[in-house]
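Raw query_7.pdb, PDB, C-alpha atoms:
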ATOM      1  CA  ALA A  76      -7.116  10.179  -4.512
ATOM      2  CA  SER A  77     -10.450   9.034  -3.062
ATOM      3  CA  LEU A  78     -10.588   6.190  -5.600
ATOM      4  CA  ARG A  79      -7.110   4.878  -4.799
ATOM      5  CA  PRO A  80      -8.093   2.604  -1.892
ATOM      6  CA  TRP A  81     -10.587   0.849  -4.172
ATOM      7  CA  ALA A  82      -7.795  -0.084  -6.595
ATOM      8  CA  LEU A  83      -6.492  -2.535  -3.960
ATOM      9  CA  LEU A  84      -9.552  -3.218  -1.807
ATOM     10  CA  GLY A  85     -11.740  -4.212  -4.775
ATOM     11  CA  PRO A  86      -9.432  -6.976  -6.040
ATOM     12  CA  MET A  87      -8.789  -8.184  -2.473
ATOM     13  CA  LEU A  88     -12.516  -8.566  -1.837
ATOM     14  CA  GLY A  89     -12.701 -10.659  -5.012
ATOM     15  CA  MET A  90     -10.303 -13.206  -3.495
ATOM     16  CA  ASP A  91     -12.141 -16.131  -1.988
ATOM     17  CA  TYR A  92      -9.991 -16.348   1.152
ATOM     18  CA  VAL A  93     -10.370 -12.642   1.932
ATOM     19  CA  ALA A  94     -14.086 -12.521   1.100
ATOM     20  CA  TYR A  95     -14.921 -15.389   3.449
ATOM     21  CA  ASN A  96     -12.489 -14.600   6.271
ATOM     22  CA  LYS A  97     -12.390 -10.795   6.395
ATOM     23  CA  SER A  98     -14.092 -10.711   9.794
ATOM     24  CA  SER A  99     -11.051 -12.398  11.360
ATOM     25  CA  LEU A 100      -8.181 -11.020   9.261
ATOM     26  CA  LYS A 101      -5.790  -8.488  10.775
ATOM     27  CA  ILE A 102      -4.901  -5.772   8.273
ATOM     28  CA  LEU A 103      -2.234  -3.065   8.336
ATOM     29  CA  ILE A 104      -2.729  -0.049   6.083
ATOM     30  CA  ILE A 105       0.488   1.915   5.597
ATOM     31  CA  GLY A 106       0.016   5.528   4.524
ATOM     32  CA  PRO A 107      -3.770   5.899   4.867
ATOM     33  CA  ARG A 108      -3.543   9.694   5.172
ATOM     34  CA  THR A 109      -6.897   9.992   6.962
ATOM     35  CA  GLU A 110      -9.417   7.796   8.742
ATOM     36  CA  ALA A 111     -11.540   7.713   5.570
ATOM     37  CA  GLU A 112      -9.525   4.779   4.238
ATOM     38  CA  LEU A 113     -10.007   2.874   7.500
ATOM     39  CA  PHE A 114     -13.759   3.565   7.372
ATOM     40  CA  LEU A 115     -13.861   2.211   3.823
ATOM     41  CA  TYR A 116     -12.374  -1.111   4.962
ATOM     42  CA  GLN A 117     -14.829  -1.196   7.882
ATOM     43  CA  SER A 118     -17.729  -0.566   5.528
ATOM     44  CA  ARG A 119     -16.709  -3.666   3.581
ATOM     45  CA  GLY A 120     -16.688  -6.002   6.572
ATOM     46  CA  PHE A 121     -13.262  -5.696   8.173
ATOM     47  CA  PRO A 122     -13.857  -5.166  11.911
ATOM     48  CA  GLN A 123     -12.490  -1.937  13.360
ATOM     49  CA  GLU A 124     -10.491  -3.837  15.988
ATOM     50  CA  ASN A 125      -8.623  -5.744  13.242
ATOM     51  CA  ILE A 126      -7.674  -2.672  11.195
ATOM     52  CA  TYR A 127      -4.333  -1.108  12.046
ATOM     53  CA  ALA A 128      -2.861   1.932  10.317
ATOM     54  CA  LEU A 129       0.583   3.504  10.164
ATOM     55  CA  ASP A 130       1.591   6.917   8.835
ATOM     56  CA  LEU A 131       4.354   9.450   9.505
ATOM     57  CA  ILE A 132       1.869  12.122  10.558
ATOM     58  CA  SER A 133      -1.692  11.816  11.829
ATOM     59  CA  TYR A 134      -4.304  13.670  13.841
ATOM     60  CA  SER A 135      -6.150  10.401  14.525
ATOM     61  CA  GLU A 136      -5.835   8.033  17.446
ATOM     62  CA  SER A 137      -6.804   5.284  14.984
ATOM     63  CA  ILE A 138      -3.556   5.755  13.056
ATOM     64  CA  THR A 139      -0.240   4.826  14.671
ATOM     65  CA  VAL A 140       2.422   7.436  13.995
ATOM     66  CA  GLY A 141       5.529   5.660  12.760
ATOM     67  CA  ASP A 142       7.855   4.832   9.913
ATOM     68  CA  MET A 143       7.264   2.114   7.318
ATOM     69  CA  HIS A 144      11.003   1.386   7.454
ATOM     70  CA  GLN A 145      10.666   0.388  11.133
ATOM     71  CA  ILE A 146       7.133  -0.907  11.508
ATOM     72  CA  PRO A 147       6.268  -0.850  15.233
ATOM     73  CA  PHE A 148       4.406  -4.168  15.292
ATOM     74  CA  GLU A 149       5.498  -7.693  16.166
ATOM     75  CA  ASP A 150       6.659 -10.322  13.699
ATOM     76  CA  SER A 151       4.060 -12.442  11.877
ATOM     77  CA  PHE A 152       1.085 -10.409  13.126
ATOM     78  CA  PHE A 153      -0.867  -9.372  10.011
ATOM     79  CA  ASP A 154      -2.862 -11.329   7.430
ATOM     80  CA  ILE A 155      -2.839  -8.386   4.996
ATOM     81  CA  VAL A 156      -0.408  -5.471   4.642
ATOM     82  CA  VAL A 157      -1.355  -2.625   2.311
ATOM     83  CA  PHE A 158       1.048   0.045   1.040
ATOM     84  CA  SER A 159      -1.398   2.793   0.168
ATOM     85  CA  TRP A 160       0.424   4.948  -2.364
ATOM     86  CA  CYS A 161       3.298   5.686   0.005
ATOM     87  CA  LEU A 162       6.346   3.750  -1.278
ATOM     88  CA  GLY A 163       7.103   6.562  -3.721
ATOM     89  CA  TYR A 164       8.142   8.682  -0.747
ATOM     90  CA  SER A 165      10.842   6.199   0.247
ATOM     91  CA  ASN A 166      14.480   6.068  -0.779
ATOM     92  CA  ALA A 167      14.689   2.632   0.861
ATOM     93  CA  GLN A 168      11.751   0.798  -0.670
ATOM     94  CA  HIS A 169      13.382  -2.635  -0.219
ATOM     95  CA  LYS A 170      13.643  -1.937   3.529
ATOM     96  CA  ALA A 171       9.971  -0.931   3.751
ATOM     97  CA  VAL A 172       8.842  -4.075   1.926
ATOM     98  CA  SER A 173      11.187  -6.179   4.071
ATOM     99  CA  GLU A 174       9.506  -4.717   7.166
ATOM    100  CA  ALA A 175       6.076  -5.566   5.724
ATOM    101  CA  ILE A 176       7.225  -9.135   5.146
ATOM    102  CA  ARG A 177       8.497  -9.295   8.746
ATOM    103  CA  VAL A 178       5.140  -8.282  10.257
ATOM    104  CA  ALA A 179       3.147 -10.469   7.831
ATOM    105  CA  LYS A 180       2.062 -13.981   8.761
ATOM    106  CA  PRO A 181       3.023 -16.904   6.542
ATOM    107  CA  ASN A 182       0.752 -16.873   3.465
ATOM    108  CA  ALA A 183      -0.237 -13.258   4.132
ATOM    109  CA  PHE A 184      -1.198 -10.890   1.336
ATOM    110  CA  ILE A 185       0.839  -7.779   0.602
ATOM    111  CA  ALA A 186      -0.835  -5.159  -1.588
ATOM    112  CA  ILE A 187       1.029  -2.215  -3.103
ATOM    113  CA  GLY A 188      -0.450   0.772  -4.869
ATOM    114  CA  GLU A 189       1.696   3.388  -6.569
ATOM    115  CA  GLN A 190       1.146   6.206  -9.008
ATOM    116  CA  TRP A 191       2.303   6.293 -12.599
ATOM    117  CA  ASP A 192       3.059   9.870 -13.567
ATOM    118  CA  PRO A 193       4.492  10.832 -16.950
ATOM    119  CA  THR A 194       5.839  14.100 -15.499
ATOM    120  CA  PRO A 195       9.522  13.757 -14.574
ATOM    121  CA  VAL A 196       9.806  13.525 -10.794
ATOM    122  CA  GLU A 197      12.302  16.408 -10.763
ATOM    123  CA  LEU A 198       9.644  18.773 -12.155
ATOM    124  CA  THR A 199       6.982  17.545  -9.735
ATOM    125  CA  SER A 200       9.439  17.871  -6.826
ATOM    126  CA  ALA A 201      10.374  21.428  -7.790
ATOM    127  CA  GLN A 202       6.697  22.420  -7.997
ATOM    128  CA  LEU A 203       5.882  20.778  -4.650
ATOM    129  CA  GLN A 204       8.864  22.476  -3.037
ATOM    130  CA  GLN A 205       7.646  25.829  -4.308
ATOM    131  CA  ASP A 206       3.940  25.296  -3.476
ATOM    132  CA  ARG A 207       4.056  23.224  -0.306
ATOM    133  CA  GLY A 208       7.589  23.352   1.059
ATOM    134  CA  TYR A 209       8.560  19.723   0.443
ATOM    135  CA  SER A 210       9.718  17.602  -2.454
ATOM    136  CA  LEU A 211       9.483  14.003  -3.598
ATOM    137  CA  SER A 212      12.814  12.384  -2.969
ATOM    138  CA  GLY A 213      11.585   8.826  -3.295
ATOM    139  CA  THR A 214      11.984   6.255  -5.985
ATOM    140  CA  VAL A 215      10.023   6.370  -9.227
ATOM    141  CA  THR A 216       7.890   3.293  -9.951
ATOM    142  CA  SER A 217       7.548   2.605 -13.658
ATOM    143  CA  SER A 218       5.967  -0.850 -13.707
ATOM    144  CA  VAL A 219       4.605  -3.794 -11.763
ATOM    145  CA  ALA A 220       8.008  -5.418 -12.294
ATOM    146  CA  ASP A 221       9.559  -2.567 -10.263
ATOM    147  CA  LEU A 222       7.195  -3.355  -7.384
ATOM    148  CA  LEU A 223       7.798  -7.101  -7.549
ATOM    149  CA  SER A 224      11.566  -6.598  -7.524
ATOM    150  CA  LEU A 225      11.212  -5.097  -4.027
ATOM    151  CA  PHE A 226      10.478  -8.582  -2.630
ATOM    152  CA  GLY A 227      14.039  -9.718  -3.371
ATOM    153  CA  ASP A 228      14.470 -13.429  -2.670
ATOM    154  CA  THR A 229      11.156 -13.740  -0.820
ATOM    155  CA  GLU A 230       8.930 -16.304  -2.494
ATOM    156  CA  PHE A 231       5.449 -15.151  -3.415
ATOM    157  CA  HIS A 232       2.598 -15.810  -5.774
ATOM    158  CA  LEU A 233       1.353 -12.830  -7.795
ATOM    159  CA  LEU A 234      -2.432 -12.710  -7.404
ATOM    160  CA  PHE A 235      -3.286  -9.413  -9.090
ATOM    161  CA  SER A 236      -1.533  -6.604 -10.916
ATOM    162  CA  THR A 237      -2.286  -3.690 -13.188
ATOM    163  CA  GLU A 238      -0.498  -0.762 -14.756
ATOM    164  CA  PRO A 239      -1.347   1.772 -17.461
ATOM    165  CA  LYS A 240      -1.329   0.441 -20.993
ATOM    166  CA  THR A 241       1.166   1.984 -23.385
ATOM    167  CA  GLN A 242      -1.481   4.252 -24.919
ATOM    168  CA  ASP A 243      -2.428   5.514 -21.431
ATOM    169  CA  LYS A 244       1.057   6.458 -20.247
ATOM    170  CA  SER A 245       0.559  10.103 -21.213
ATOM    171  CA  ARG A 246      -1.687  10.586 -18.164
ATOM    172  CA  VAL A 247      -1.462   9.861 -14.441
ATOM    173  CA  GLY A 248      -2.460   6.293 -13.578
ATOM    174  CA  TRP A 249      -2.055   3.438 -11.120
ATOM    175  CA  ILE A 250       0.463   0.650 -10.743
ATOM    176  CA  THR A 251      -0.744  -2.032  -8.331
ATOM    177  CA  CYS A 252      -0.005  -5.568  -7.254
ATOM    178  CA  ILE A 253      -1.213  -8.034  -4.649
ATOM    179  CA  VAL A 254       0.993 -10.957  -3.727
ATOM    180  CA  GLU A 255       0.592 -13.924  -1.401
ATOM    181  CA  LEU A 256       3.728 -14.761   0.530
ATOM    182  CA  LEU A 257       4.760 -18.413   0.288
TER
END
Kindly present the structure from the file in structure tokens form.
Amino acid sequence: ASLRPWALLGPMLGMDYVAYNKSSLKILIIGPRTEAELFLYQSRGFPQENIYALDLISYSESITVGDMHQIPFEDSFFDIVVFSWCLGYSNAQHKAVSEAIRVAKPNAFIAIGEQWDPTPVELTSAQLQQDRGYSLSGTVTSSVADLLSLFGDTEFHLLFSTEPKTQDKSRVGWITCIVELL
């Protein structure tokens, strides 16, 4: 899990606009889990005062407690919105992405990271319920196309994407995309 943030941050830092403007870009990280992800962005030049975070549960004052389906920020506020491996916990992924689009400025970047897991979600959910007292009731992401479909009629330009190759689908992997809203 500690490598996950790099799967989106690395490609973003390779984008000319982000690389040269990161000191002024406002970024929202949805589902950061801990402050470690925020510190990673800070260590790469995003100022602390421009990094916002949202999660359902948090011990940190740096992370706003709230729901990605009702993002508690104003319209057209962020230059970058990152879904950090959290959409899989949603049964209303279109609504969450719609909220991200609402709080994103025109021409903002939206980055989504999700996990590919060859284990049927029902088995994983049953094990989590037994071990930890909760289950995964979200939607399974099988491809980048699944992620892109969440944007509906919103126009965007796909800047980056990756998913496991066919020969790698027997193991856990990443499905990611970064789009620029048009």
With only C-alpha atoms as the basis for distance, which of A:Leu129, A:Met87, A:Ala94, A:Ala111 is at the shortest distance from Phe235 of chain A?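 Counting only C-alpha atoms, the residue closest to Phe235 of chain A is A:Met87.
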Residues matched by the PyMOL selection byres ((chain A and resi 219) around 9), written as a ChimeraX atom specification: /A:216-218,220-224,236-238,250-252
Using only the atoms of segment 144-161 of chain A listed in the file, plus 6 Å on each side, state the axis-aligned box centre and edge lengths in Å rounded to one decimal, as AutoDock Vina command-line options.
--center_x 4.1 --center_y -3.4 --center_z 6.9 --size_x 25.9 --size_y 30.1 --size_z 30.5
The residue from A:Pro107, A:Gly141, A:Gly208, A:Gly89 with the smallest atom-to-atom distance to Ser77 of chain A, counting all atoms listed in the file, is A:Pro107
Starting from the PyMOL selection byres ((chain A and resi 142-147) around 8), expand the selection into actual residues of this file and give them as a VMD selection string. chain A and resid 105 129 to 131 140 to 141 148 to 149 167 170 to 171 174 to 175 178
Give me, as a JSON list (two decimals) with C-alpha atoms, keeping the file's coordinate frame, all polymer residues having an atom no more than 12 Å from Thr241 of chain A, counting all atoms listed in the file and skipping those fewer than 4 positions away in the same chain.
[["chain", "number", "residue", "atom", "x", "y", "z"],
["A", 191, "TRP", "CA", 2.30, 6.29, -12.60],
["A", 193, "PRO", "CA", 4.49, 10.83, -16.95],
["A", 217, "SER", "CA", 7.55, 2.60, -13.66],
["A", 218, "SER", "CA", 5.97, -0.85, -13.71],
["A", 245, "SER", "CA", 0.56, 10.10, -21.21],
["A", 246, "ARG", "CA", -1.69, 10.59, -18.16],
["A", 248, "GLY", "CA", -2.46, 6.29, -13.58]]
Hey, can you check how far atom CA of Gln123 of chain A sits from atom CA of Ser173 of chain A? 25.8 Å
Point (-10.5, -7.5, 15.1) neighbourhood (10 Å, all atoms listed in the file) written as a list in words: Lys97, Ser98, Ser99, Leu100, Lys101, Ile102, Phe121, Pro122, Gln123, Glu124, Asn125, Ile126 and Tyr127 of chain A
With distances taken over only C-alpha atoms, which residue among A:Leu103, A:Leu83, A:Leu88, A:Ile176 lies nearest Ile155 of chain A?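 Comparing A:Leu103, A:Leu83, A:Leu88, A:Ile176 against Ile155 of chain A, the winner is A:Leu103.
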Length of the atom CA of Glu189 of chain A to atom CA of Cys161 of chain A vector [Å]: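 Computed distance, atom CA of Glu189 of chain A to atom CA of Cys161 of chain A, equals 7.1 Å.
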What is the distance, in Å and to one decimal place, between atom CA of Ala179 of chain A and atom CA of Glu230 of chain A? 13.2 Å
N, CA and C atoms modelled onto segment 172-190 of chain A, as a compact mmCIF listing (two decimals), in the frame of the given file:
# COMPACT_ATOMS: atom_id res chain seq x y z
N VAL A 172 9.49 -2.81 2.28
CA VAL A 172 8.84 -4.08 1.93
C VAL A 172 9.35 -5.20 2.83
N SER A 173 10.63 -5.18 3.15
CA SER A 173 11.19 -6.18 4.07
C SER A 173 10.50 -6.10 5.43
N GLU A 174 10.23 -4.90 5.90
CA GLU A 174 9.51 -4.72 7.17
C GLU A 174 8.08 -5.26 7.06
N ALA A 175 7.43 -5.03 5.93
CA ALA A 175 6.08 -5.57 5.72
C ALA A 175 6.10 -7.09 5.76
N ILE A 176 7.09 -7.67 5.14
CA ILE A 176 7.22 -9.14 5.15
C ILE A 176 7.44 -9.63 6.58
N ARG A 177 8.22 -8.91 7.35
CA ARG A 177 8.50 -9.30 8.75
C ARG A 177 7.22 -9.34 9.58
N VAL A 178 6.35 -8.34 9.42
CA VAL A 178 5.14 -8.28 10.26
C VAL A 178 3.99 -9.11 9.68
N ALA A 179 4.19 -9.65 8.47
CA ALA A 179 3.15 -10.47 7.83
C ALA A 179 3.26 -11.92 8.26
N LYS A 180 2.11 -12.54 8.44
CA LYS A 180 2.06 -13.98 8.76
C LYS A 180 2.46 -14.79 7.53
N PRO A 181 2.82 -16.04 7.72
CA PRO A 181 3.02 -16.90 6.54
C PRO A 181 1.74 -16.93 5.70
N ASN A 182 1.87 -16.88 4.41
CA ASN A 182 0.75 -16.87 3.46
C ASN A 182 -0.09 -15.60 3.51
N ALA A 183 0.46 -14.55 4.10
CA ALA A 183 -0.24 -13.26 4.13
C ALA A 183 -0.24 -12.64 2.74
N PHE A 184 -1.12 -11.66 2.57
CA PHE A 184 -1.20 -10.89 1.34
C PHE A 184 -0.51 -9.55 1.56
N ILE A 185 0.27 -9.13 0.58
CA ILE A 185 0.84 -7.78 0.60
C ILE A 185 0.36 -7.09 -0.67
N ALA A 186 -0.28 -5.93 -0.47
CA ALA A 186 -0.84 -5.16 -1.59
C ALA A 186 -0.08 -3.83 -1.68
N ILE A 187 0.29 -3.46 -2.90
CA ILE A 187 1.03 -2.22 -3.10
C ILE A 187 0.34 -1.41 -4.19
N GLY A 188 0.08 -0.15 -3.88
CA GLY A 188 -0.45 0.77 -4.87
C GLY A 188 0.51 1.93 -5.04
N GLU A 189 0.81 2.27 -6.26
CA GLU A 189 1.70 3.39 -6.57
C GLU A 189 1.14 4.15 -7.75
N GLN A 190 1.63 5.35 -7.93
CA GLN A 190 1.15 6.21 -9.01
C GLN A 190 2.11 6.19 -10.18
